[in-house]
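> What follows is upload_26.cif; its format and atoms are mmCIF, C-alpha atoms and all ligand atoms.
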```
data_data
#
loop_
_atom_site.label_atom_id
_atom_site.label_comp_id
_atom_site.auth_asym_id
_atom_site.auth_seq_id
_atom_site.Cartn_x
_atom_site.Cartn_y
_atom_site.Cartn_z
CA MET A 1048 99.38 308.61 42.10
CA LEU A 1049 102.47 310.76 42.48
CA LYS A 1050 102.74 312.77 45.67
CA LYS A 1051 105.05 315.51 46.92
CA LEU A 1052 108.80 315.07 46.66
CA ASP A 1053 109.73 314.21 50.24
CA THR A 1054 113.31 315.38 50.36
CA ASP A 1055 115.02 318.30 52.06
CA GLY A 1056 117.05 320.57 49.85
CA LEU A 1057 117.29 320.64 46.09
CA VAL A 1058 117.22 317.58 43.85
CA ILE A 1059 119.13 317.88 40.56
CA VAL A 1060 118.38 315.37 37.81
CA THR A 1061 120.53 315.37 34.67
CA GLU A 1062 119.37 314.42 31.18
CA GLU A 1063 121.25 311.13 31.47
CA VAL A 1064 119.55 310.22 34.74
CA CYS A 1065 116.11 311.20 33.37
CA ALA A 1066 116.57 308.70 30.55
CA LYS A 1067 117.57 306.06 33.09
CA VAL A 1068 114.74 306.52 35.60
CA VAL A 1069 111.69 307.49 33.50
CA ASP A 1070 110.53 304.72 31.21
CA ARG A 1071 107.57 304.74 28.82
CA ALA A 1072 105.18 303.13 31.30
CA LEU A 1073 105.90 305.74 34.00
CA ALA A 1074 105.51 308.55 31.46
CA PHE A 1075 102.25 307.07 30.13
CA ASN A 1076 100.72 306.88 33.62
CA ALA A 1077 101.90 310.36 34.60
CA VAL A 1078 100.52 311.94 31.42
CA GLN A 1079 97.24 310.02 31.59
CA ASP A 1080 96.75 311.02 35.24
CA VAL A 1081 97.42 314.68 34.59
CA PHE A 1082 95.04 314.78 31.57
CA GLY A 1083 92.39 313.34 33.88
CA ALA A 1084 93.17 315.94 36.56
CA MET A 1085 92.95 318.75 33.97
CA ALA A 1086 89.49 317.59 32.85
CA ARG A 1087 88.28 317.48 36.48
CA GLY A 1088 89.57 321.01 37.06
CA ASP A 1089 92.17 319.77 39.55
CA ALA A 1090 95.10 320.86 37.40
CA TYR A 1091 95.54 323.86 35.20
CA ASN A 1092 98.13 325.34 32.88
CA PHE A 1093 99.18 328.97 33.22
CA PRO A 1094 99.46 331.22 30.15
CA VAL A 1095 102.43 330.28 27.96
CA ILE A 1096 105.20 332.82 27.33
CA ARG A 1097 107.19 332.44 24.10
CA GLU A 1098 109.52 335.16 22.82
CA ALA A 1099 112.03 335.62 20.02
CA ILE A 1100 114.99 336.90 22.06
CA GLY A 1101 116.78 338.58 19.16
CA HIS A 1102 119.93 336.49 19.66
CA GLU A 1103 120.93 333.27 17.82
CA ASP A 1104 117.41 333.29 16.23
CA ALA A 1105 116.30 331.66 19.46
CA LEU A 1106 112.74 331.23 20.71
CA TYR A 1107 112.64 331.12 24.49
CA GLY A 1108 109.72 330.75 26.87
CA PHE A 1109 107.94 329.22 29.84
CA LYS A 1110 105.25 326.61 30.25
CA SER A 1111 103.93 326.29 33.77
CA GLY A 1112 101.02 325.08 35.86
CA PHE A 1113 99.78 323.50 39.05
CA ASP A 1114 98.43 319.99 39.49
CA LYS A 1115 96.58 319.96 42.81
CA ALA A 1116 95.81 316.25 42.54
CA GLY A 1117 99.47 315.29 42.08
CA MET A 1118 100.74 318.28 44.14
CA VAL A 1119 103.11 319.32 41.35
CA LEU A 1120 103.93 322.99 40.86
CA GLY A 1121 106.54 324.24 38.44
CA VAL A 1122 107.73 325.65 35.16
CA LYS A 1123 109.53 324.38 32.08
CA ALA A 1124 111.89 327.04 30.76
CA GLY A 1125 113.55 326.71 27.41
CA GLY A 1126 112.94 326.81 23.72
CA TYR A 1127 114.50 326.41 20.32
CA TRP A 1128 118.02 327.43 19.26
CA PRO A 1129 118.28 326.65 15.53
CA ASN A 1130 122.09 326.97 15.42
CA ASN A 1131 122.75 324.41 18.14
CA MET A 1132 123.11 321.47 15.75
CA ALA A 1133 126.31 323.03 14.37
CA LYS A 1134 127.60 323.18 17.97
CA GLY A 1135 126.92 319.47 18.46
CA ILE A 1136 123.90 319.83 20.75
CA ILE A 1137 120.19 319.48 20.00
CA ASN A 1138 118.16 322.53 18.99
CA HIS A 1139 115.41 322.11 21.59
CA GLN A 1140 116.76 322.87 25.08
CA SER A 1141 114.73 322.98 28.26
CA THR A 1142 114.89 322.57 32.04
CA VAL A 1143 112.06 321.95 34.50
CA PHE A 1144 111.94 323.72 37.88
CA LEU A 1145 109.69 322.14 40.52
CA PHE A 1146 108.56 323.97 43.65
CA ASP A 1147 107.02 322.83 46.94
CA PRO A 1148 103.34 323.78 46.54
CA ASP A 1149 103.09 324.28 50.34
CA THR A 1150 105.95 326.77 50.66
CA GLY A 1151 107.10 327.87 47.21
CA LYS A 1152 110.59 326.53 47.98
CA LEU A 1153 112.58 325.24 44.99
CA LYS A 1154 112.62 321.43 45.15
CA ALA A 1155 114.06 320.14 41.88
CA LEU A 1156 115.93 321.04 38.71
CA VAL A 1157 115.30 318.46 36.02
CA GLY A 1158 116.67 318.23 32.48
CA GLY A 1159 113.75 318.69 30.08
CA ASN A 1160 114.98 317.45 26.71
CA TYR A 1161 114.47 313.69 27.02
CA LEU A 1162 111.34 314.30 29.09
CA THR A 1163 109.78 316.44 26.33
CA ALA A 1164 110.18 313.59 23.86
CA ILE A 1165 108.88 310.90 26.21
CA ARG A 1166 105.90 312.94 27.44
CA THR A 1167 104.89 313.80 23.85
CA ALA A 1168 105.05 310.13 22.89
CA ALA A 1169 103.07 309.26 26.02
CA SER A 1170 100.38 311.73 24.97
CA SER A 1171 99.74 310.08 21.58
CA ALA A 1172 100.03 306.65 23.23
CA VAL A 1173 97.32 307.59 25.74
CA SER A 1174 95.12 308.67 22.82
CA ILE A 1175 95.71 305.35 21.03
CA ALA A 1176 94.89 303.42 24.19
CA GLN A 1177 91.72 305.44 24.81
CA LEU A 1178 90.42 306.02 21.28
CA SER A 1179 91.73 303.62 18.64
CA ARG A 1180 89.94 300.43 17.63
CA LYS A 1181 91.17 297.49 19.71
CA ASP A 1182 91.73 295.47 16.51
CA SER A 1183 94.07 298.10 14.95
CA LYS A 1184 96.80 296.29 13.03
CA VAL A 1185 98.59 298.87 10.85
CA LEU A 1186 100.32 301.96 12.23
CA GLY A 1187 100.92 304.88 9.86
CA MET A 1188 103.78 307.24 10.70
CA VAL A 1189 103.84 310.65 9.01
CA GLY A 1190 107.17 312.13 10.07
CA ALA A 1191 110.62 310.66 10.63
CA GLY A 1192 112.46 313.21 12.77
CA HIS A 1193 113.74 313.13 16.36
CA GLN A 1194 110.29 312.79 17.94
CA SER A 1195 109.04 310.10 15.59
CA THR A 1196 111.19 307.34 17.08
CA PHE A 1197 109.78 308.00 20.57
CA GLN A 1198 106.27 308.10 19.11
CA LEU A 1199 106.73 304.76 17.39
CA ARG A 1200 108.10 302.98 20.45
CA ALA A 1201 105.21 304.19 22.65
CA ALA A 1202 102.51 303.48 20.04
CA VAL A 1203 103.43 299.84 19.40
CA GLU A 1204 102.91 299.12 23.10
CA GLN A 1205 99.21 300.07 22.88
CA ARG A 1206 97.87 297.72 20.17
CA ASP A 1207 99.02 294.53 18.42
CA PHE A 1208 100.40 296.32 15.38
CA GLU A 1209 101.58 293.92 12.68
CA LYS A 1210 103.06 296.53 10.35
CA VAL A 1211 104.25 300.15 10.21
CA VAL A 1212 103.81 302.23 7.06
CA CYS A 1213 105.65 305.53 6.85
CA TRP A 1214 105.72 308.63 4.71
CA ASN A 1215 107.94 311.65 5.29
CA PRO A 1216 108.37 314.82 3.23
CA HIS A 1217 112.14 314.26 3.47
CA PRO A 1218 112.57 310.61 2.40
CA GLU A 1219 116.24 310.60 3.39
CA MET A 1220 115.14 310.68 7.06
CA ILE A 1221 113.00 307.53 6.83
CA PRO A 1222 115.84 305.00 7.48
CA ASN A 1223 116.21 306.46 11.03
CA LEU A 1224 112.68 305.36 11.82
CA ALA A 1225 112.98 302.09 9.89
CA LYS A 1226 115.93 301.23 12.13
CA VAL A 1227 113.80 301.64 15.25
CA ALA A 1228 111.00 299.50 13.78
CA ASP A 1229 113.61 296.86 13.03
CA GLU A 1230 114.86 297.00 16.64
CA ILE A 1231 111.30 296.58 17.91
CA GLY A 1232 110.74 293.74 15.43
CA VAL A 1233 107.76 295.13 13.52
CA PRO A 1234 107.74 295.09 9.68
CA PHE A 1235 108.22 298.57 8.18
CA GLU A 1236 107.42 299.91 4.72
CA ALA A 1237 107.94 303.38 3.23
CA VAL A 1238 104.85 304.21 1.15
CA GLU A 1239 103.09 307.10 -0.60
CA ARG A 1240 100.62 309.11 1.47
CA GLU A 1241 97.50 307.72 -0.22
CA GLN A 1242 98.63 304.17 0.49
CA LEU A 1243 99.39 305.07 4.09
CA GLY A 1244 95.84 306.39 4.49
CA ALA A 1245 94.35 303.32 2.79
CA GLU A 1246 96.23 300.87 5.03
CA ALA A 1247 96.60 302.49 8.43
CA ASP A 1248 94.22 301.91 11.35
CA VAL A 1249 96.13 304.44 13.46
CA ILE A 1250 98.04 307.42 12.05
CA ILE A 1251 100.53 309.55 13.99
CA THR A 1252 101.59 312.85 12.42
CA ILE A 1253 104.76 314.36 13.89
CA THR A 1254 106.19 316.90 11.46
CA SER A 1255 106.88 320.64 11.28
CA ALA A 1256 104.42 321.08 8.40
CA PHE A 1257 102.64 324.35 7.63
CA GLU A 1258 100.18 322.80 5.20
CA SER A 1259 97.97 319.74 5.08
CA LEU A 1260 99.78 316.46 4.41
CA ILE A 1261 96.75 314.09 4.71
CA GLU A 1262 93.40 314.51 2.97
CA ALA A 1263 90.01 313.38 4.30
CA ASP A 1264 89.21 310.95 1.47
CA TRP A 1265 92.54 309.10 1.78
CA ILE A 1266 91.78 307.51 5.15
CA LYS A 1267 89.59 304.55 6.13
CA PRO A 1268 86.47 304.68 8.32
CA GLY A 1269 87.45 303.79 11.89
CA THR A 1270 90.91 305.34 11.70
CA HIS A 1271 92.38 307.02 14.77
CA LEU A 1272 94.73 309.94 14.16
CA ALA A 1273 97.11 311.43 16.71
CA CYS A 1274 98.23 314.79 15.32
CA MET A 1275 101.27 315.77 17.35
CA GLY A 1276 103.34 318.20 15.27
CA THR A 1277 101.12 321.28 15.27
CA ASP A 1278 101.94 323.39 18.31
CA THR A 1279 102.12 326.91 16.84
CA LYS A 1280 99.85 329.28 14.98
CA GLY A 1281 100.04 328.57 11.25
CA LYS A 1282 101.26 324.96 11.47
CA GLN A 1283 99.03 322.23 9.98
CA GLU A 1284 99.38 318.50 9.29
CA VAL A 1285 95.94 317.31 8.10
CA SER A 1286 93.21 318.99 6.06
CA SER A 1287 90.45 321.02 7.69
CA GLU A 1288 87.91 318.72 5.98
CA LEU A 1289 89.46 315.75 7.76
CA VAL A 1290 89.33 317.59 11.09
CA ALA A 1291 85.66 318.45 10.44
CA LYS A 1292 84.88 314.81 9.62
CA ALA A 1293 86.46 313.41 12.79
CA THR A 1294 85.33 313.21 16.41
CA LEU A 1295 87.81 315.55 18.04
CA PHE A 1296 89.79 315.18 21.27
CA THR A 1297 92.70 317.16 22.66
CA ASP A 1298 94.90 317.72 25.67
CA GLU A 1299 93.68 321.30 26.17
CA VAL A 1300 90.84 322.85 24.17
CA ALA A 1301 92.12 326.44 24.40
CA GLN A 1302 95.48 325.41 22.87
CA SER A 1303 93.92 323.12 20.27
CA THR A 1304 91.72 325.82 18.79
CA THR A 1305 94.40 328.53 18.74
CA ILE A 1306 97.78 326.83 18.12
CA GLY A 1307 96.80 323.20 17.51
CA GLU A 1308 95.50 321.15 14.61
CA THR A 1309 91.90 322.36 14.95
CA GLN A 1310 92.86 326.05 14.50
CA HIS A 1311 92.28 326.00 10.71
CA ALA A 1312 88.88 324.25 10.80
CA ILE A 1313 87.84 326.72 13.53
CA ALA A 1314 88.99 329.69 11.42
CA ALA A 1315 87.15 328.30 8.38
CA GLY A 1316 83.96 327.98 10.44
CA LEU A 1317 83.80 324.19 9.83
CA ILE A 1318 83.76 323.36 13.55
CA SER A 1319 83.38 325.20 16.85
CA GLU A 1320 85.23 324.94 20.15
CA ALA A 1321 82.33 322.85 21.51
CA ASP A 1322 83.26 320.09 19.02
CA VAL A 1323 86.60 319.49 20.75
CA THR A 1324 86.61 317.30 23.89
CA PRO A 1325 89.43 317.13 26.45
CA ILE A 1326 90.75 313.55 26.40
CA GLY A 1327 90.72 313.71 30.19
CA LYS A 1328 86.95 313.35 30.04
CA VAL A 1329 87.34 309.99 28.29
CA ILE A 1330 90.01 308.97 30.83
CA ASN A 1331 87.68 309.93 33.70
CA GLY A 1332 84.73 308.07 32.16
CA ASP A 1333 82.79 311.28 31.55
CA HIS A 1334 82.80 310.91 27.76
CA ALA A 1335 82.29 307.70 25.79
CA GLY A 1336 85.23 308.38 23.42
CA ARG A 1337 84.90 306.21 20.30
CA THR A 1338 81.31 304.96 19.90
CA SER A 1339 81.57 302.86 16.71
CA ASP A 1340 84.09 300.94 14.60
CA ASP A 1341 83.47 303.33 11.68
CA GLU A 1342 84.06 306.55 13.57
CA ILE A 1343 87.15 308.58 12.73
CA THR A 1344 88.74 309.88 15.92
CA LEU A 1345 91.41 312.58 15.99
CA PHE A 1346 93.51 313.52 18.99
CA ASP A 1347 95.15 316.93 18.74
CA GLY A 1348 98.20 316.76 21.00
CA THR A 1349 99.35 320.33 21.41
CA GLY A 1350 101.68 319.76 24.36
CA VAL A 1351 100.97 321.37 27.73
CA GLY A 1352 103.27 322.39 30.57
CA LEU A 1353 101.53 320.06 33.02
CA GLN A 1354 102.75 317.08 30.99
CA ASP A 1355 106.32 318.29 31.46
CA LEU A 1356 105.83 318.87 35.17
CA ALA A 1357 104.21 315.44 35.60
CA VAL A 1358 107.12 313.53 34.08
CA ALA A 1359 109.69 315.78 35.76
CA ALA A 1360 108.10 315.03 39.13
CA VAL A 1361 108.41 311.31 38.39
CA ALA A 1362 112.06 311.81 37.37
CA ALA A 1363 112.84 313.73 40.57
CA GLN A 1364 111.13 311.15 42.78
CA GLN A 1365 112.66 308.15 41.04
CA ALA A 1366 116.13 309.70 40.94
CA ALA A 1367 115.97 310.66 44.62
CA ALA A 1368 114.68 307.22 45.60
CA THR A 1369 117.37 305.35 43.66
CA GLY A 1370 120.25 307.61 44.68
CA GLU A 1371 120.76 308.79 41.10
CA ALA A 1372 119.97 312.43 41.88
CA THR A 1373 122.44 315.04 43.06
CA GLN A 1374 121.10 316.62 46.24
CA VAL A 1375 122.10 320.06 47.42
CA ALA A 1376 121.15 321.75 50.69
CA LEU A 1377 119.44 325.10 50.08
P1 LIG B 1401 112.74 317.22 13.64
O1 LIG B 1401 113.32 318.50 13.17
O2 LIG B 1401 113.63 316.17 14.19
O3 LIG B 1401 111.87 316.56 12.44
C1 LIG B 1401 111.01 317.36 11.70
C2 LIG B 1401 110.00 316.52 10.96
O4 LIG B 1401 109.14 317.39 10.20
C3 LIG B 1401 110.61 315.59 9.92
O5 LIG B 1401 109.72 314.50 9.70
C4 LIG B 1401 110.68 316.49 8.67
O6 LIG B 1401 110.73 315.74 7.49
C5 LIG B 1401 109.38 317.24 8.79
N1 LIG B 1401 109.42 318.59 8.22
C6 LIG B 1401 110.37 319.54 8.36
N2 LIG B 1401 110.02 320.66 7.70
C7 LIG B 1401 108.82 320.40 7.12
C8 LIG B 1401 107.93 321.16 6.32
N3 LIG B 1401 108.19 322.42 5.98
N4 LIG B 1401 106.77 320.58 5.90
C9 LIG B 1401 106.47 319.30 6.26
N5 LIG B 1401 107.27 318.55 7.04
C10 LIG B 1401 108.43 319.09 7.46
O7 LIG B 1401 111.62 317.64 14.71
P2 LIG B 1401 110.97 316.76 15.86
O8 LIG B 1401 111.72 317.01 17.12
O9 LIG B 1401 110.78 315.38 15.39
O10 LIG B 1401 109.56 317.49 16.03
C11 LIG B 1401 108.56 317.34 15.06
C12 LIG B 1401 107.46 318.32 15.34
O11 LIG B 1401 106.82 318.04 16.58
C13 LIG B 1401 107.90 319.77 15.42
O12 LIG B 1401 107.03 320.55 14.65
C14 LIG B 1401 107.77 320.10 16.90
O13 LIG B 1401 107.48 321.47 17.10
C15 LIG B 1401 106.61 319.23 17.28
N6 LIG B 1401 106.53 318.91 18.71
C16 LIG B 1401 105.30 318.84 19.27
C17 LIG B 1401 105.18 318.53 20.60
C18 LIG B 1401 103.82 318.42 21.24
O14 LIG B 1401 103.73 318.27 22.45
N7 LIG B 1401 102.77 318.47 20.49
C19 LIG B 1401 106.32 318.28 21.38
C20 LIG B 1401 107.56 318.32 20.76
C21 LIG B 1401 107.66 318.64 19.42
#
```
Taking this structure as input, can you express it in the form of structure tokens?

Amino acid sequence: MLKKLDTDGLVIVTEEVCAKVVDRALAFNAVQDVFGAMARGDAYNFPVIREAIGHEDALYGFKSGFDKAGMVLGVKAGGYWPNNMAKGIINHQSTVFLFDPDTGKLKALVGGNYLTAIRTAASSAVSIAQLSRKDSKVLGMVGAGHQSTFQLRAAVEQRDFEKVVCWNPHPEMIPNLAKVADEIGVPFEAVEREQLGAEADVIITITSAFESLIEADWIKPGTHLACMGTDTKGKQEVSSELVAKATLFTDEVAQSTTIGETQHAIAAGLISEADVTPIGKVINGDHAGRTSDDEITLFDGTGVGLQDLAVAAVAAQQAAATGEATQVAL
């Protein structure tokens, strides 16, 4: 369990150092712990602010919270600058600020870009570990963008996958993901969506879709889905009928039903908020999770600030402990 950052002054951790000191296992444990703390009521997210700033078409905002179990208090500030690519930097830009929960003093500034990718991958990986069938052999990837490579690497560590099948609305992006599968050493095949549904035991969706990409009758009984792309009102990756058919889990119910994958089934009256269970309850042993090999489970990973703070706290601690951080007296 992560405790307070025991350093005087301010710890600064660059993007490069984050990538060096936070590996997938550390991110997995940090995210799993904080989901458990959220479900116990020991950690909570504050309301999210997200604004179009009227400059560079940018969306800028804050995700923040307090984890009393891990003693992590802070905020991730940042957003999306669509013109960055042309400037040679990635469109998503963020920084995490961590504060001493005892005094409010600023303790750490941590680059948030790599951490966002690794904490999102950890979230779906936690869901696979907790909810997928142990004998899952085929992983279906819907999406082949920046996040998908992190998702794939974290997923293959959870089950003995023998094959990856992939579909992406922009086929020209698929070789990027195929390359990663090749590096990992798992066979990879680009397929049509129906075939993906017919073969996959676990499906990760990680796209920017605004309409359903996967239909209920395409997937097998016993499939686990981790829907990770939908994090805004209006976005959607799988059909409402599929959502209604599945046993539903999420990181945070309030986000899932308003900006996550369950928003459309809720609006259509197919399910209610009570049908969506925080995955932390499964982690804490307060919910059975999957109860049969035929059950379809769906994890709606909407992305919460506490995930960012959890991995940033690990980055700050690891970087300080290994001498990789820059430390400044305040
Ligand atoms: P990216 O731009 O690198 O890739 C986008 C992906 O979505 C590609 O697979 C692309 O083919 C597909 N896509 C683009 N436009 C589409 C459309 N109109 N319809 C269907 N598919 C479309 O983005 P990324 O960094 O890989 O992020 C993917 C998604 O994940 C984004 O929507 C992002 O907001 C979301 N995300 C979620 C979390 C979370 O915690 N849940 C965290 C980070 C990112």
> Taking all atoms listed in the file into account, report as a JSON list (two decimals) with C-alpha atoms, keeping the file's coordinate frame which residues have an atom no farther than 8 Å from an atom of ligand LIG 1401 (chain B).

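selection_4.json, freshly written:
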```json
[["chain", "number", "residue", "atom", "x", "y", "z"],
["A", 1139, "HIS", "CA", 115.41, 322.11, 21.59],
["A", 1163, "THR", "CA", 109.78, 316.44, 26.33],
["A", 1164, "ALA", "CA", 110.18, 313.59, 23.86],
["A", 1166, "ARG", "CA", 105.90, 312.94, 27.44],
["A", 1167, "THR", "CA", 104.89, 313.80, 23.85],
["A", 1170, "SER", "CA", 100.38, 311.73, 24.97],
["A", 1189, "VAL", "CA", 103.84, 310.65, 9.01],
["A", 1190, "GLY", "CA", 107.17, 312.13, 10.07],
["A", 1191, "ALA", "CA", 110.62, 310.66, 10.63],
["A", 1192, "GLY", "CA", 112.46, 313.21, 12.77],
["A", 1193, "HIS", "CA", 113.74, 313.13, 16.36],
["A", 1194, "GLN", "CA", 110.29, 312.79, 17.94],
["A", 1195, "SER", "CA", 109.04, 310.10, 15.59],
["A", 1215, "ASN", "CA", 107.94, 311.65, 5.29],
["A", 1216, "PRO", "CA", 108.37, 314.82, 3.23],
["A", 1217, "HIS", "CA", 112.14, 314.26, 3.47],
["A", 1218, "PRO", "CA", 112.57, 310.61, 2.40],
["A", 1220, "MET", "CA", 115.14, 310.68, 7.06],
["A", 1253, "ILE", "CA", 104.76, 314.36, 13.89],
["A", 1254, "THR", "CA", 106.19, 316.90, 11.46],
["A", 1255, "SER", "CA", 106.88, 320.64, 11.28],
["A", 1256, "ALA", "CA", 104.42, 321.08, 8.40],
["A", 1257, "PHE", "CA", 102.64, 324.35, 7.63],
["A", 1258, "GLU", "CA", 100.18, 322.80, 5.20],
["A", 1260, "LEU", "CA", 99.78, 316.46, 4.41],
["A", 1274, "CYS", "CA", 98.23, 314.79, 15.32],
["A", 1275, "MET", "CA", 101.27, 315.77, 17.35],
["A", 1276, "GLY", "CA", 103.34, 318.20, 15.27],
["A", 1277, "THR", "CA", 101.12, 321.28, 15.27],
["A", 1278, "ASP", "CA", 101.94, 323.39, 18.31],
["A", 1279, "THR", "CA", 102.12, 326.91, 16.84],
["A", 1282, "LYS", "CA", 101.26, 324.96, 11.47],
["A", 1284, "GLU", "CA", 99.38, 318.50, 9.29],
["A", 1347, "ASP", "CA", 95.15, 316.93, 18.74],
["A", 1348, "GLY", "CA", 98.20, 316.76, 21.00],
["A", 1349, "THR", "CA", 99.35, 320.33, 21.41],
["A", 1350, "GLY", "CA", 101.68, 319.76, 24.36],
["A", 1351, "VAL", "CA", 100.97, 321.37, 27.73]]
```
> Excluding same-chain residues fewer than 3 positions from Leu1295 of chain A, what lies within 8 Å of it counting only C-alpha atoms, as a list in words?
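In the requested format, the answer is Val1290, Asp1322, Val1323, Thr1324, Thr1344, Leu1345, Phe1346 and Asp1347 of chain A.
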> Excluding Leu1317 of chain A and its own-chain neighbours fewer than 3 positions away, which residues fall within 10 Å of it when counting all atoms listed in the file? Please give them as a ChimeraX atom specification.
/A:1287-1288,1290-1292,1309,1311-1314
> Out of A:Arg1240, A:Lys1110, A:Arg1071, A:Arg1337, which residue has the shortest atom-to-atom distance to Arg1200 of chain A when counting only C-alpha atoms?
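Result for the nearest residue to Arg1200 of chain A: A:Arg1071.
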> Between A:Val1095, A:Val1358, A:Leu1145, A:Ala1315, which has the minimum distance to Phe1113 of chain A (counting only C-alpha atoms)?
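For Phe1113 of chain A, the nearest of the given residues is A:Leu1145.
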> Here is a test: counting all atoms listed in the file, which residue of A:Pro1148, A:Gly1352, A:Gly1083, A:Pro1222 is nearest to Ala1124 of chain A?
A:Gly1352
> For atom CA of Ile1137 of chain A and atom CA of Ala1074 of chain A, quote the distance in Å rounded to one decimal.
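For atom CA of Ile1137 of chain A relative to atom CA of Ala1074 of chain A, the distance reads 21.6 Å.
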> As an exercise, work out the distance from atom CA of Asp1298 of chain A to atom CA of Ile1221 of chain A in Å and give it to one decimal place.
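Here the two named atoms are 28.0 Å from each other.
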> So which residues touch segment 1209-1211 of chain A within 6 Å, counting all atoms listed in the file, skipping near sequence neighbours fewer than 4 positions away, as a ChimeraX atom specification?
/A:1184-1187,1233-1235
> Using only C-alpha atoms, determine which residues lie at most 8 Å from Ile1330 of chain A, disregarding the query and same-chain residues fewer than 6 positions distant; provide the list as number ranges by chain.
A: 1079, 1082-1083, 1177
> Save the residues we just selected, C-alpha atoms, as a compact mmCIF listing (two decimals), in the frame of the given file?

```txt
# COMPACT_ATOMS: atom_id res chain seq x y z
CA GLN A 1079 97.24 310.02 31.59
CA PHE A 1082 95.04 314.78 31.57
CA GLY A 1083 92.39 313.34 33.88
CA GLN A 1177 91.72 305.44 24.81
```
> Output segment 1324-1339 of chain A from the block with N, CA and C atoms, as a PDB file, in the first residue's frame?

```pdb
ATOM      1  N   THR A1324     -22.318  -2.104 -11.187  1.00  0.00           N
ATOM      2  CA  THR A1324     -21.598  -2.353  -9.916  1.00  0.00           C
ATOM      3  C   THR A1324     -20.172  -1.792 -10.004  1.00  0.00           C
ATOM      4  N   PRO A1325     -19.740  -1.062  -8.965  1.00  0.00           N
ATOM      5  CA  PRO A1325     -18.325  -0.637  -8.951  1.00  0.00           C
ATOM      6  C   PRO A1325     -17.420  -1.864  -8.896  1.00  0.00           C
ATOM      7  N   ILE A1326     -16.403  -1.913  -9.739  1.00  0.00           N
ATOM      8  CA  ILE A1326     -15.515  -3.085  -9.753  1.00  0.00           C
ATOM      9  C   ILE A1326     -14.785  -3.223  -8.417  1.00  0.00           C
ATOM     10  N   GLY A1327     -14.673  -2.134  -7.686  1.00  0.00           N
ATOM     11  CA  GLY A1327     -14.049  -2.180  -6.368  1.00  0.00           C
ATOM     12  C   GLY A1327     -14.746  -3.165  -5.444  1.00  0.00           C
ATOM     13  N   LYS A1328     -16.038  -3.347  -5.627  1.00  0.00           N
ATOM     14  CA  LYS A1328     -16.763  -4.308  -4.784  1.00  0.00           C
ATOM     15  C   LYS A1328     -16.286  -5.730  -5.053  1.00  0.00           C
ATOM     16  N   VAL A1329     -15.985  -6.021  -6.300  1.00  0.00           N
ATOM     17  CA  VAL A1329     -15.461  -7.354  -6.649  1.00  0.00           C
ATOM     18  C   VAL A1329     -14.059  -7.495  -6.051  1.00  0.00           C
ATOM     19  N   ILE A1330     -13.257  -6.440  -6.208  1.00  0.00           N
ATOM     20  CA  ILE A1330     -11.882  -6.448  -5.673  1.00  0.00           C
ATOM     21  C   ILE A1330     -11.899  -6.667  -4.162  1.00  0.00           C
ATOM     22  N   ASN A1331     -12.864  -6.030  -3.474  1.00  0.00           N
ATOM     23  CA  ASN A1331     -12.945  -6.135  -2.009  1.00  0.00           C
ATOM     24  C   ASN A1331     -13.635  -7.411  -1.537  1.00  0.00           C
ATOM     25  N   GLY A1332     -14.148  -8.214  -2.480  1.00  0.00           N
ATOM     26  CA  GLY A1332     -14.839  -9.443  -2.098  1.00  0.00           C
ATOM     27  C   GLY A1332     -16.278  -9.208  -1.659  1.00  0.00           C
ATOM     28  N   ASP A1333     -16.812  -8.045  -1.988  1.00  0.00           N
ATOM     29  CA  ASP A1333     -18.198  -7.736  -1.608  1.00  0.00           C
ATOM     30  C   ASP A1333     -19.190  -8.015  -2.733  1.00  0.00           C
ATOM     31  N   HIS A1334     -18.711  -8.443  -3.870  1.00  0.00           N
ATOM     32  CA  HIS A1334     -19.568  -8.831  -4.997  1.00  0.00           C
ATOM     33  C   HIS A1334     -18.885 -10.017  -5.678  1.00  0.00           C
ATOM     34  N   ALA A1335     -19.690 -10.994  -6.094  1.00  0.00           N
ATOM     35  CA  ALA A1335     -19.110 -12.226  -6.641  1.00  0.00           C
ATOM     36  C   ALA A1335     -18.429 -12.007  -7.992  1.00  0.00           C
ATOM     37  N   GLY A1336     -18.770 -10.925  -8.705  1.00  0.00           N
ATOM     38  CA  GLY A1336     -18.229 -10.745 -10.062  1.00  0.00           C
ATOM     39  C   GLY A1336     -18.898 -11.721 -11.006  1.00  0.00           C
ATOM     40  N   ARG A1337     -18.104 -12.378 -11.855  1.00  0.00           N
ATOM     41  CA  ARG A1337     -18.656 -13.398 -12.769  1.00  0.00           C
ATOM     42  C   ARG A1337     -19.148 -14.596 -11.949  1.00  0.00           C
ATOM     43  N   THR A1338     -20.345 -15.103 -12.280  1.00  0.00           N
ATOM     44  CA  THR A1338     -20.872 -16.249 -11.527  1.00  0.00           C
ATOM     45  C   THR A1338     -21.055 -17.498 -12.389  1.00  0.00           C
ATOM     46  N   SER A1339     -20.852 -17.379 -13.732  1.00  0.00           N
ATOM     47  CA  SER A1339     -20.915 -18.589 -14.561  1.00  0.00           C
ATOM     48  C   SER A1339     -20.061 -18.408 -15.815  1.00  0.00           C
TER      49      SER A1339
END
```
